[in-house]
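What follows is a short report on a single structure.
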Amino acid sequence: MSAQSEKGRQATAAPTASPAPAIELRGISKAFGPVQANKDISITVQKGTIHGIIGENGAGKSTLMSILYGFYKADAGEVIINGQKVEITDSQAAIAAGIGMVFQHFKLVENFTVLENVILGAEEGPMLRPSIAKARGLLKQLSDEYELSVDPDALIEDLSVGHQQRVEILKALYRQADILILDEPTGVLTPAEADHLFRILQGLKEQGKTIILITHKLREIMEVTDTVSVMRRGEMTATVKTSGTSPEQLAEMMVGRKVLLEVTKSPANPGKPVLEVEDLRVRDELGVERVKGINLNVRAGEILGIAGVSGNGQSELLEVLGGYRKASGIVRMNGEEIDLTGKHSDGQSRRKRGIANVPEDRHDEGLILEFQAWENMIFGYHNAPEYQKNRFLMDNAAIKAATQAKMDRFDVRPPNPKLEAKSFSGGNQQKLVLAREIERNPDLLLVGQPTRGVDIGAIEFIHQQIVALRDQGKAILLVSVELDEIMSLSDRIVVMFDGRIMGEKNPGETNEGELGLMMAGITEGDQ
Amino acid sequence: MQKMPKWADAVLIPLFSILLAFFFSGLVIWGIGKNPFEAIKVMVDGAFGSTNGLGYTLYYTTNFIFTGLSFAVASHTRLFNIGGEGQAMLGGLGVALVCLAVQWPHWTLALPAAMAMGALFGAAWAFIPAYLQAKRGSHIVITTIMFNFIAAALLGYLLTKVLKVPGAMAAETAKFPVGAHLPTFHEMLAPFGIDFNKNAPANVSFLVALFAAFVFWILMWKTRLGYQIRAFGNSETAAKYAGINPSRIVIIAMLISGGLAGLMAINNVMGEAERLIDNAVEGAGFIGIAVALMGRNHPVGIVLAALLFGFLYQGGAELSFWESIPRELVVVIQALVIMFTGALDNMVRIPLEKMFLFFSRKKEV
Amino acid sequence: MDYATILQILDSTVRLATPLLLTCLAGLFSERAGVVDIGLEGKLLAAAFMSGAAAAVTGSIWLGLLAGIAASMAFSMLHGLASITFKGDQLISGVALNFLAAGLTVVIGQSWFQLGGRTPPLTGNGRFEAWNLPFAEKLADVPFIGPLYYELISGHTALTYIAIACVPLSWWVLYRTRFGLRLRAVGENPSAVDTAGVSVVRMRYASLIIAGVLCGMAGTYLASLAAGFVKDMSAGRGYIALAALIFAKWRPWYALSATLLFGFLEAIGNRYQSISLGDFVIPVQFMQALPYILTVIILAGFVGKAIPPRAGGQPYVKER
């Protein structure tokens, strides 16, 4: 889909001007301790439109919307809804003002039913039964009206993420929201599910609802919004008509300078297979099979990208290869089989085999946030002989010196080994992890979501480092839910769906549409 | 950017918390019709005014260093070992058995043996809760509480039915042989011409406790094991990613924790009573919680906090003697210290952080 | 063992289970709302002391009950202040409360009564009287059912019947009312409750208030049963109730069975100081330790897995 055709479509769906805007924010400021998340932000959202808010991670989009929803309290500024000034002290006030919000991380009680979640906080009276009976009828009506079908008696934990999101939208509609805020709604959806969501949003718009869509994906903005506001470092930099802008222009406004959206790299020069996986199967803690017999290999000097919506077995695959999840099947590293269940299936043994691992979640896995940078720089390699002074003591001075050198080479800012990991920005935290793993000179690098929550400047740097490692003849297994990233970095792409590999594509011979269908589980044979 | 300088976090917050705890303790004393300032005077006099008082203060301090370190090891692993009391009881059993089993020729031989047995028994008592936590996910707080009660029942049984001297009235073991007598401060300091009170129970175990604190520091911040313990305590998922075996760390840390609690027995059982008596631990296991919280799980802090509690215990005893305020007052103070330094931490922290933020903003302007 | 003995043991089971049941339900409400309550022991003790003291001074156990509930409530609110308002560690706060009760009851008791931490003995209206249910005496002679009704079902104090009535009541509140829905939601996912426009803080405090009332009744029951307050008289019952709560998997009806089981163990231990099995004599200490040993076995997961409320033990902090 090109930006040009999008523009054409959007132009015909231009909003009709209405007397009072649905939302007007004036001079909103919010600080979290020393961090200024929102600086004097003003924005106007017209009634009956889809208004996009775009910006990098940490630009302050979510904070701004959480203030509008009463989840946080602004330090300064005022909120005007439908021409009337309102005090939004808590979520209750926001709900009363007709605002509904679908958070990025759903706010659902997992072991409650859909109905119970929908009525929670909006019950009819002190007794449950009449409330539930009434909600059941209303829910049916809303589901039919907006294509939001979902089983009212299902437990949330048994629903797919797509359906959970519908429950969130239903919750807002049940509370008679006129303004619906969606925070990064497509992060967990397949392209097909995302398209369905956008159809729902169009339907809501036609019913006169106002929708605010927060995202960092330019494609979505171009596809569905009428107007778009750009945020950068806590400030609102511009608000423009979507039909009058282009992805390149938006990207520049987001970052504050021109960015290369493509990675420049030479063609791969693959060698012998480094990693071979045969019929790998993984069961989770509840005994559900998450990886259902996959075969793949990664050769020296190439990047194999695994595309897929999160939750389709990619994380489990990385965990098995990283040594912290048991599996059955055969995995060979440089031709030698590795232990998948026994004593040697842990992170230490994998590292000894030359497998380095940049995990998907750097906060929960890759780093100890309370540890200083130098302590993090040996994390996972703390048993390496060069870090020991003698049998009992570690050589802390040597570790600090080595850390300083690595921080300089990877341009980690500030370059202070004694700073706790939590005080670095997302991009610099990721550089710390990358420096640690790449500098061990591994044969195989596992990389999960390398640029999640990373600013655009650092994304370029991280991509360059991964390509540089490939050019040294190392094998790289890349897992990302960002299709753009997969397309631009990989030398070969496989798509995972429901624990299986749907097929392999060459990045030069495929497109997002084709991969998107595969990510939704539709193979060529089905079409 | 940091909200508050490190020193403020490490020094100011505990200091304010302690002051608050003391303020409310003073209110309690005042509430029961006594003069808090008078009480402090009696306590300070009683705890530091004579070498006898000082000897008791340091004796209690020794107990609390061991139990404080014990709680702290578990805390670094993010385990709440409330079972120090039971582990110290079992440590006492181990020390008593080894002291009674052999006619020890000299304390320098008896002490290492007693240390080994005390630590072993304490560690063994911590092993079952540790194993159940590591392998079966049983919450260690509840299991260690249960093990305290089970330990009390076990020792009650052993002291009345098995280890009691036949014919004797008291539920206690026979007195340890002379060779198991540990040098007291009186005996240790006499060669230097210092006349330390003869009846004060402070003994060579105090030095062992200080040494244990030093080893604790080395272990936690200079060795791989300590690194892994702290990493696991901060994030279990990250520890798994790094190939740190969670079960192994939980069990090892709890063994060390139980061992340290058990080590306490060289002071109260071997050094002071010289026999095993009923309720020999006297709540020192629980005070370890307050000591570790106040000392921020750092050995220097723990030694200082243990000294404070040693003072409170000895001072409290004097208080009940001279002012007829029950010794349980110390339990009240202990509770307030745990409350303010442990649970109400944010009550002090939030205003302090705001203050620092205010001043740093002002500086920028 | 004859029928009369069995009835006597069961009767004392009910007596001993009553405070456990009330305390266990207290824990149930607070933990279902996501506040772990290791301080049950302290609340029980504080309530026993204040009720004993008030009943001794006023001569009325009902005034004692009010005082007991007030004391327990004060402790509950302190727990709330630390663990809800200041988002502190709930375990540490609970431990502190237990020590605070252990210390304060003796210090204040000594100051008020000079009896070494005891209260004066309670007599007459200073204790709860047994309620004889209708026809209890008339039916007493009917074989089998008569003694069962007279000995076991009739003749307990009001609090026992209240405690038992609290079981279906708790179930109804938790599963059939708006309040219960919100309470359970707060223990599972507080941010869902917050974004639905309901105050997490208020729900959690409400749960602690209920816990305070229930613990207050339990403590008063103890003081009444023992005819006065004695130092450390809760004797670990708060912890046993906590164990029963885990055994009951945080459910009201299971809580009744679990506390009856522990009450039964205590009743057996009280009646048979040592049980001889041929040559081997089970020592009294073993019987005393049995509830604790059983709890460990339960916790070890050999008797079904207990899954606690998901948000239990964590202060609610809005994520960034």
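If you're wondering about the labels, chains in the structure tokens are A, B, ... by order shown, residues count from 1 in each chain, ligands from 1 in order shown.
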Could you give me, as CSV, every chain C residue with an atom at most 12 Å from chain A, plus its closest atom pair and distance in Å to one decimal, counting only C-alpha atoms, rows ordered by chain then number?
residue,atom,partner,partner_atom,distance
C:Trp172,CA,A:Met127,CA,10.1
C:Val173,CA,A:Met127,CA,9.3
C:Leu174,CA,A:Leu128,CA,10.2
C:Tyr175,CA,A:Leu128,CA,8.2
C:Arg176,CA,A:Leu128,CA,5.5
C:Thr177,CA,A:Met127,CA,4.5
C:Arg178,CA,A:Pro126,CA,5.0
C:Phe179,CA,A:Pro126,CA,7.0
C:Gly180,CA,A:Leu128,CA,9.0
C:Leu181,CA,A:Leu120,CA,7.3
C:Arg182,CA,A:Leu120,CA,6.7
C:Leu183,CA,A:Leu120,CA,10.4
C:Arg184,CA,A:Val109,CA,9.2
C:Ala185,CA,A:Val109,CA,6.3
C:Val186,CA,A:Val109,CA,8.8
C:Gly187,CA,A:Val109,CA,9.5
C:Glu188,CA,A:Val109,CA,6.3
C:Asn189,CA,A:Val109,CA,5.6
C:Pro190,CA,A:Val109,CA,8.5
C:Ser191,CA,A:Lys107,CA,6.1
C:Ala192,CA,A:Lys107,CA,4.2
C:Val193,CA,A:Gly121,CA,7.0
C:Asp194,CA,A:Ser91,CA,7.1
C:Thr195,CA,A:Ser91,CA,5.6
C:Ala196,CA,A:Gly121,CA,5.2
C:Gly197,CA,A:Gln92,CA,3.9
C:Val198,CA,A:Gly121,CA,5.8
C:Ser199,CA,A:Gln92,CA,8.9
C:Val200,CA,A:Gly121,CA,11.1
C:Met203,CA,A:Gly121,CA,11.6
C:Ile307,CA,A:Asn111,CA,12.0
C:Pro309,CA,A:Asn111,CA,10.1
C:Arg310,CA,A:Glu110,CA,9.6
C:Ala311,CA,A:Val109,CA,10.5
C:Val317,CA,A:Phe71,CA,11.3
C:Lys318,CA,A:Phe71,CA,8.0
C:Glu319,CA,A:Phe71,CA,9.9
C:Arg320,CA,A:Thr63,CA,7.9
Problem - Neighbour list for Ala8 (chain B) as a ChimeraX atom specification, cut-off 12 Å, only C-alpha atoms, skip fewer than 3 positions in-chain - result: /B:2-5,11-16,348-349,352-353,355-356
Got time to write the residues from that selection, N, CA and C atoms, as an mmCIF file, in the first residue's frame?
data_model
loop_
_atom_site.group_PDB
_atom_site.id
_atom_site.type_symbol
_atom_site.label_atom_id
_atom_site.label_comp_id
_atom_site.auth_asym_id
_atom_site.auth_seq_id
_atom_site.Cartn_x
_atom_site.Cartn_y
_atom_site.Cartn_z
ATOM 1 N N GLN B 2 18.750 11.507 38.998
ATOM 2 C CA GLN B 2 18.306 10.850 40.216
ATOM 3 C C GLN B 2 17.473 11.776 41.069
ATOM 4 N N LYS B 3 16.537 11.149 41.771
ATOM 5 C CA LYS B 3 15.637 11.947 42.579
ATOM 6 C C LYS B 3 16.349 12.478 43.811
ATOM 7 N N MET B 4 17.276 11.695 44.298
ATOM 8 C CA MET B 4 17.855 12.005 45.604
ATOM 9 C C MET B 4 19.280 11.457 45.612
ATOM 10 N N PRO B 5 20.213 12.191 46.210
ATOM 11 C CA PRO B 5 21.563 11.637 46.278
ATOM 12 C C PRO B 5 21.583 10.340 47.081
ATOM 13 N N VAL B 11 21.383 7.215 54.440
ATOM 14 C CA VAL B 11 21.547 7.722 55.803
ATOM 15 C C VAL B 11 20.311 8.471 56.307
ATOM 16 N N LEU B 12 19.845 9.426 55.508
ATOM 17 C CA LEU B 12 18.766 10.291 55.998
ATOM 18 C C LEU B 12 17.475 9.525 56.245
ATOM 19 N N ILE B 13 17.117 8.648 55.316
ATOM 20 C CA ILE B 13 15.831 7.960 55.448
ATOM 21 C C ILE B 13 15.793 7.068 56.686
ATOM 22 N N PRO B 14 16.818 6.208 56.872
ATOM 23 C CA PRO B 14 16.788 5.409 58.112
ATOM 24 C C PRO B 14 16.798 6.293 59.361
ATOM 25 N N LEU B 15 17.550 7.370 59.274
ATOM 26 C CA LEU B 15 17.665 8.239 60.451
ATOM 27 C C LEU B 15 16.306 8.834 60.822
ATOM 28 N N PHE B 16 15.614 9.377 59.839
ATOM 29 C CA PHE B 16 14.298 9.963 60.118
ATOM 30 C C PHE B 16 13.315 8.888 60.591
ATOM 31 N N VAL B 348 8.498 8.691 54.788
ATOM 32 C CA VAL B 348 9.665 9.544 54.944
ATOM 33 C C VAL B 348 10.253 9.886 53.585
ATOM 34 N N ARG B 349 10.264 8.880 52.704
ATOM 35 C CA ARG B 349 10.953 9.034 51.425
ATOM 36 C C ARG B 349 10.309 10.088 50.529
ATOM 37 N N LEU B 352 10.994 13.680 51.469
ATOM 38 C CA LEU B 352 12.428 13.959 51.297
ATOM 39 C C LEU B 352 12.769 14.115 49.823
ATOM 40 N N GLU B 353 12.225 13.229 48.991
ATOM 41 C CA GLU B 353 12.506 13.314 47.563
ATOM 42 C C GLU B 353 11.991 14.623 47.000
ATOM 43 N N MET B 355 11.678 17.337 48.576
ATOM 44 C CA MET B 355 12.536 18.416 49.055
ATOM 45 C C MET B 355 13.796 18.518 48.185
ATOM 46 N N PHE B 356 14.426 17.353 47.937
ATOM 47 C CA PHE B 356 15.639 17.366 47.133
ATOM 48 C C PHE B 356 15.355 17.861 45.719
#
Practice task
Excluding Ala71 (chain C) and residues on its chain fewer than 2 positions from it, collect all residues at most 10 Å away from it, counting only C-alpha atoms, and give them as a list in words.
Solution key: Lys43, Leu44, Leu45, Ala46, Ala47, Ala48, Phe49, Met50, Ser51, Leu65, Leu66, Ala67, Gly68, Ile69, Met73, Ala74, Phe75, Ser76, Met77, Ala101, Gly212, Val213, Cys215, Gly216 and Gly219 of chain C
Export of prior selection with C-alpha atoms as a PDB file, in the first residue's frame:
ATOM      1  CA  LYS C  43      -5.255  -7.799  65.619  1.00  0.00           C
ATOM      2  CA  LEU C  44      -6.564 -10.813  67.466  1.00  0.00           C
ATOM      3  CA  LEU C  45      -4.328 -10.100  70.423  1.00  0.00           C
ATOM      4  CA  ALA C  46      -5.088  -6.383  70.505  1.00  0.00           C
ATOM      5  CA  ALA C  47      -8.817  -7.117  70.341  1.00  0.00           C
ATOM      6  CA  ALA C  48      -8.573  -9.721  73.080  1.00  0.00           C
ATOM      7  CA  PHE C  49      -6.790  -7.247  75.314  1.00  0.00           C
ATOM      8  CA  MET C  50      -9.064  -4.287  74.736  1.00  0.00           C
ATOM      9  CA  SER C  51     -12.227  -6.338  75.010  1.00  0.00           C
ATOM     10  CA  LEU C  65     -16.855  -6.400  72.054  1.00  0.00           C
ATOM     11  CA  LEU C  66     -17.106  -2.787  70.916  1.00  0.00           C
ATOM     12  CA  ALA C  67     -13.719  -1.989  72.438  1.00  0.00           C
ATOM     13  CA  GLY C  68     -12.206  -5.111  70.905  1.00  0.00           C
ATOM     14  CA  ILE C  69     -13.500  -4.213  67.463  1.00  0.00           C
ATOM     15  CA  MET C  73      -9.891  -1.725  63.594  1.00  0.00           C
ATOM     16  CA  ALA C  74      -7.149   0.668  64.678  1.00  0.00           C
ATOM     17  CA  PHE C  75      -4.576  -1.975  63.816  1.00  0.00           C
ATOM     18  CA  SER C  76      -6.299  -2.622  60.497  1.00  0.00           C
ATOM     19  CA  MET C  77      -6.156   1.059  59.640  1.00  0.00           C
ATOM     20  CA  ALA C 101       0.269  -5.923  69.790  1.00  0.00           C
ATOM     21  CA  GLY C 212     -10.980  -5.410  61.573  1.00  0.00           C
ATOM     22  CA  VAL C 213     -14.545  -6.136  62.673  1.00  0.00           C
ATOM     23  CA  CYS C 215     -10.818  -9.981  64.112  1.00  0.00           C
ATOM     24  CA  GLY C 216     -12.344  -7.831  66.833  1.00  0.00           C
ATOM     25  CA  GLY C 219     -10.360 -11.513  69.955  1.00  0.00           C
TER      26      GLY C 219
END
Show me, as a Markdown table, the residues of region 241-356 of chain B having an atom within 8 Å of region 191-212 of chain B, each with the closest atom pair and its distance in Å, using only C-alpha atoms.
| residue | atom | partner | partner_atom | distance |
| --- | --- | --- | --- | --- |
| B:Ile266 | CA | B:Ser205 | CA | 6.5 |
| B:Asn267 | CA | B:Ser205 | CA | 5.5 |
| B:Gly271 | CA | B:Asn203 | CA | 6.3 |
| B:Glu272 | CA | B:Pro201 | CA | 5.5 |
| B:Val303 | CA | B:Leu210 | CA | 7.6 |
Exercise for the section: Identify all chain B residues at most 6 Å from chain C by counting only C-alpha atoms; ligands do not count. Present them as a ChimeraX atom specification. Expected result: /B:32,132,136,138,143,146,150,153,326,328-329,331-332,335,338-339,343-344,346
Exercise for the section: Give me the residues within 9 Å of Leu296 (chain A) as a PyMOL selection string, counting only C-alpha atoms and dropping any in the same chain fewer than 4 places off. Expected result: chain A and resi 275-279+494+501
Prev. selection, C-alpha atoms, output as a PDB file, in the first residue's frame:
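Result file part.pdb:
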ATOM      1  CA  LEU A 275      22.115 -23.373  13.907  1.00  0.00           C
ATOM      2  CA  GLU A 276      19.913 -26.246  12.820  1.00  0.00           C
ATOM      3  CA  VAL A 277      16.525 -26.873  14.364  1.00  0.00           C
ATOM      4  CA  GLU A 278      14.550 -30.036  13.677  1.00  0.00           C
ATOM      5  CA  ASP A 279      11.014 -30.766  14.796  1.00  0.00           C
ATOM      6  CA  VAL A 494      10.184 -17.115   7.918  1.00  0.00           C
ATOM      7  CA  ILE A 501       6.319 -21.994  10.351  1.00  0.00           C
TER       8      ILE A 501
END
Practice task
Determine which residues of region 276-500 of chain A DSSP labels as strand (DSSP E or B) from the backbone of this structure, then write them out as a PyMOL selection string.
Solution key: chain A and resi 276-283+289-299+303-307+328-333+336-337+355-358+372+388+393-394+420+444-448+475-479+492-497+500
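Here CA of Glu504 (chain A) is placed at a distance of 27.7 Å from CA of Pro185 (chain A).
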Contacts from chain A to chain B, 6 Å maximum, only C-alpha atoms: show me the residue list as a PDB file with N, CA and C atoms, in the first residue's frame.
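In the end it all went to iface_8.pdb:
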ATOM      1  N   ASP A 346      20.690 -24.773  30.167  1.00  0.00           N
ATOM      2  CA  ASP A 346      20.528 -23.490  30.842  1.00  0.00           C
ATOM      3  C   ASP A 346      21.336 -22.423  30.117  1.00  0.00           C
ATOM      4  N   GLY A 347      21.132 -21.190  30.523  1.00  0.00           N
ATOM      5  CA  GLY A 347      21.766 -20.076  29.839  1.00  0.00           C
ATOM      6  C   GLY A 347      23.286 -20.182  29.817  1.00  0.00           C
ATOM      7  N   GLN A 348      23.840 -20.734  30.891  1.00  0.00           N
ATOM      8  CA  GLN A 348      25.295 -20.847  30.961  1.00  0.00           C
ATOM      9  C   GLN A 348      25.834 -21.774  29.865  1.00  0.00           C
ATOM     10  N   ASP A 364      12.961  -7.010  32.047  1.00  0.00           N
ATOM     11  CA  ASP A 364      12.730  -8.171  32.886  1.00  0.00           C
ATOM     12  C   ASP A 364      13.772  -9.251  32.713  1.00  0.00           C
ATOM     13  N   GLU A 365      14.463  -9.240  31.568  1.00  0.00           N
ATOM     14  CA  GLU A 365      15.407 -10.319  31.317  1.00  0.00           C
ATOM     15  C   GLU A 365      16.828  -9.830  31.093  1.00  0.00           C
ATOM     16  N   GLY A 380      25.278 -12.919  32.936  1.00  0.00           N
ATOM     17  CA  GLY A 380      25.250 -14.104  32.079  1.00  0.00           C
ATOM     18  C   GLY A 380      26.647 -14.623  31.790  1.00  0.00           C
ATOM     19  N   LEU A 393      37.136 -14.676  44.536  1.00  0.00           N
ATOM     20  CA  LEU A 393      36.733 -13.280  44.328  1.00  0.00           C
ATOM     21  C   LEU A 393      36.644 -12.914  42.856  1.00  0.00           C
ATOM     22  N   MET A 394      35.708 -11.997  42.564  1.00  0.00           N
ATOM     23  CA  MET A 394      35.609 -11.474  41.216  1.00  0.00           C
ATOM     24  C   MET A 394      36.557 -10.289  41.073  1.00  0.00           C
TER      25      MET A 394
END
Problem - In region 338-513 of chain A, DSSP helix (DSSP H, G or I) residues written as a ChimeraX atom specification - result: /A:347-352,362-366,373-376,385-387,396-409,421-423,426-438,456-471,483-489,507-509,512-513
Taking C-alpha atoms for each residue, export the selection above as a PDB file, in the first residue's frame.
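Output saved as out_38.pdb:
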ATOM      1  CA  GLY A 347      21.766 -20.076  29.839  1.00  0.00           C
ATOM      2  CA  GLN A 348      25.295 -20.847  30.961  1.00  0.00           C
ATOM      3  CA  SER A 349      25.683 -23.906  28.729  1.00  0.00           C
ATOM      4  CA  ARG A 350      24.263 -22.030  25.753  1.00  0.00           C
ATOM      5  CA  ARG A 351      26.717 -19.206  26.169  1.00  0.00           C
ATOM      6  CA  LYS A 352      29.565 -21.722  26.265  1.00  0.00           C
ATOM      7  CA  ARG A 362      15.435  -5.973  28.412  1.00  0.00           C
ATOM      8  CA  HIS A 363      13.774  -4.776  31.632  1.00  0.00           C
ATOM      9  CA  ASP A 364      12.730  -8.171  32.886  1.00  0.00           C
ATOM     10  CA  GLU A 365      15.407 -10.319  31.317  1.00  0.00           C
ATOM     11  CA  GLY A 366      18.322  -8.563  29.719  1.00  0.00           C
ATOM     12  CA  ALA A 373      26.192  -0.735  34.264  1.00  0.00           C
ATOM     13  CA  TRP A 374      29.405  -2.637  35.042  1.00  0.00           C
ATOM     14  CA  GLU A 375      27.512  -5.300  36.947  1.00  0.00           C
ATOM     15  CA  ASN A 376      25.149  -5.656  34.018  1.00  0.00           C
ATOM     16  CA  PRO A 385      37.611 -16.579  33.748  1.00  0.00           C
ATOM     17  CA  GLU A 386      38.743 -13.073  32.774  1.00  0.00           C
ATOM     18  CA  TYR A 387      36.332 -11.601  35.325  1.00  0.00           C
ATOM     19  CA  ASN A 396      35.611  -5.900  39.903  1.00  0.00           C
ATOM     20  CA  ALA A 397      38.257  -3.423  38.769  1.00  0.00           C
ATOM     21  CA  ALA A 398      38.876  -5.330  35.532  1.00  0.00           C
ATOM     22  CA  ILE A 399      35.137  -5.572  34.915  1.00  0.00           C
ATOM     23  CA  LYS A 400      34.703  -1.839  35.327  1.00  0.00           C
ATOM     24  CA  ALA A 401      37.558  -1.124  32.926  1.00  0.00           C
ATOM     25  CA  ALA A 402      36.165  -3.525  30.338  1.00  0.00           C
ATOM     26  CA  THR A 403      32.732  -1.958  30.729  1.00  0.00           C
ATOM     27  CA  GLN A 404      34.108   1.511  30.131  1.00  0.00           C
ATOM     28  CA  ALA A 405      35.708   0.368  26.879  1.00  0.00           C
ATOM     29  CA  LYS A 406      32.512  -1.300  25.671  1.00  0.00           C
ATOM     30  CA  MET A 407      30.392   1.681  26.568  1.00  0.00           C
ATOM     31  CA  ASP A 408      32.684   3.888  24.521  1.00  0.00           C
ATOM     32  CA  ARG A 409      32.614   1.573  21.524  1.00  0.00           C
ATOM     33  CA  ALA A 421      20.827   0.509  34.476  1.00  0.00           C
ATOM     34  CA  LYS A 422      17.451   2.038  35.242  1.00  0.00           C
ATOM     35  CA  SER A 423      18.808   5.554  34.808  1.00  0.00           C
ATOM     36  CA  GLY A 426      15.629   2.787  26.491  1.00  0.00           C
ATOM     37  CA  GLY A 427      18.012   3.084  23.571  1.00  0.00           C
ATOM     38  CA  ASN A 428      21.084   3.231  25.772  1.00  0.00           C
ATOM     39  CA  GLN A 429      19.877   0.287  27.834  1.00  0.00           C
ATOM     40  CA  GLN A 430      19.535  -1.712  24.645  1.00  0.00           C
ATOM     41  CA  LYS A 431      23.030  -0.657  23.601  1.00  0.00           C
ATOM     42  CA  LEU A 432      24.324  -1.955  26.943  1.00  0.00           C
ATOM     43  CA  VAL A 433      22.765  -5.348  26.280  1.00  0.00           C
ATOM     44  CA  LEU A 434      23.940  -5.385  22.685  1.00  0.00           C
ATOM     45  CA  ALA A 435      27.480  -4.412  23.682  1.00  0.00           C
ATOM     46  CA  ARG A 436      27.601  -7.199  26.233  1.00  0.00           C
ATOM     47  CA  GLU A 437      26.373  -9.854  23.828  1.00  0.00           C
ATOM     48  CA  ILE A 438      28.160  -8.801  20.632  1.00  0.00           C
ATOM     49  CA  ILE A 456      14.895   6.373  16.212  1.00  0.00           C
ATOM     50  CA  GLY A 457      18.478   7.568  16.508  1.00  0.00           C
ATOM     51  CA  ALA A 458      19.448   4.471  18.453  1.00  0.00           C
ATOM     52  CA  ILE A 459      17.471   2.227  16.086  1.00  0.00           C
ATOM     53  CA  GLU A 460      19.796   3.136  13.248  1.00  0.00           C
ATOM     54  CA  PHE A 461      22.831   2.410  15.384  1.00  0.00           C
ATOM     55  CA  ILE A 462      21.484  -0.928  16.592  1.00  0.00           C
ATOM     56  CA  HIS A 463      20.575  -2.032  13.079  1.00  0.00           C
ATOM     57  CA  GLN A 464      24.057  -1.120  11.876  1.00  0.00           C
ATOM     58  CA  GLN A 465      25.657  -3.161  14.640  1.00  0.00           C
ATOM     59  CA  ILE A 466      23.559  -6.221  13.785  1.00  0.00           C
ATOM     60  CA  VAL A 467      24.433  -5.950  10.103  1.00  0.00           C
ATOM     61  CA  ALA A 468      28.117  -5.446  10.976  1.00  0.00           C
ATOM     62  CA  LEU A 469      28.080  -8.641  13.021  1.00  0.00           C
ATOM     63  CA  ARG A 470      26.562 -10.489  10.081  1.00  0.00           C
ATOM     64  CA  ASP A 471      29.288  -9.141   7.824  1.00  0.00           C
ATOM     65  CA  LEU A 483       7.287  -6.069   9.908  1.00  0.00           C
ATOM     66  CA  ASP A 484       9.309  -3.085   8.642  1.00  0.00           C
ATOM     67  CA  GLU A 485      12.239  -4.169  10.738  1.00  0.00           C
ATOM     68  CA  ILE A 486      12.039  -7.760   9.539  1.00  0.00           C
ATOM     69  CA  MET A 487      11.781  -6.636   5.926  1.00  0.00           C
ATOM     70  CA  SER A 488      14.707  -4.263   6.058  1.00  0.00           C
ATOM     71  CA  LEU A 489      17.161  -6.339   8.136  1.00  0.00           C
ATOM     72  CA  PRO A 507      12.676 -10.129   1.392  1.00  0.00           C
ATOM     73  CA  GLY A 508      13.240  -8.942  -2.138  1.00  0.00           C
ATOM     74  CA  GLU A 509      10.439 -11.112  -3.477  1.00  0.00           C
ATOM     75  CA  GLU A 512       3.876  -6.690   3.614  1.00  0.00           C
ATOM     76  CA  GLY A 513       0.544  -7.869   2.285  1.00  0.00           C
TER      77      GLY A 513
END
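The gap separating CA of Phe176 (chain B) from CA of Leu154 (chain B) is 21.0 Å, in Å to one decimal.
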Determine, counting only C-alpha atoms, which protein, DNA and RNA residues have an atom within 7 Å of an atom of region 100-108 of chain B; residues of the same chain fewer than 5 positions away are not included. Present the result as a tab-separated table (two decimals) with C-alpha atoms, in the first residue's frame.
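For reference, result.tsv as written:
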chain	number	residue	atom	x	y	z
B	176	PHE	CA	28.84	-27.93	79.36
B	177	PRO	CA	32.34	-29.14	80.25
B	179	GLY	CA	36.84	-26.96	78.11
B	180	ALA	CA	33.86	-25.56	76.20
B	181	HIS	CA	33.88	-22.33	78.19
B	182	LEU	CA	34.35	-19.32	75.92
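Checking C:Phe247, C:Tyr149, C:Leu139, C:Val201 one by one against Pro308 (chain C), counting only C-alpha atoms, you find the shortest gap at C:Phe247.
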Exercise for the section: Between B:Phe286, B:Phe23, B:Tyr157, B:Phe214, single out the one closest to His298 (chain B), counting only C-alpha atoms. Expected result: B:Phe214
Handout entry: Long-range neighbours of region 262-276 of chain C as a ChimeraX atom specification, 6 Å cut-off, only C-alpha atoms, 4 positions minimum in chain
Key = /C:12-13,16-17,280-284,287
Exercise for the section: Can you pull out every residue within 7 Å of Thr157 (chain C), counting only C-alpha atoms, but drop anything in the same chain fewer than 3 positions away, and send it as a list in words? Expected result: Phe128, Glu129, Ala130, Trp131 and Thr160 of chain C
Put those residues in a file: C-alpha atoms, as a CSV table (one decimal), in the first residue's frame.
chain,number,residue,atom,x,y,z
C,128,PHE,CA,-20.7,-14.2,76.8
C,129,GLU,CA,-23.3,-16.6,78.0
C,130,ALA,CA,-24.2,-19.8,76.3
C,131,TRP,CA,-27.4,-19.7,74.2
C,160,THR,CA,-20.2,-18.8,67.5
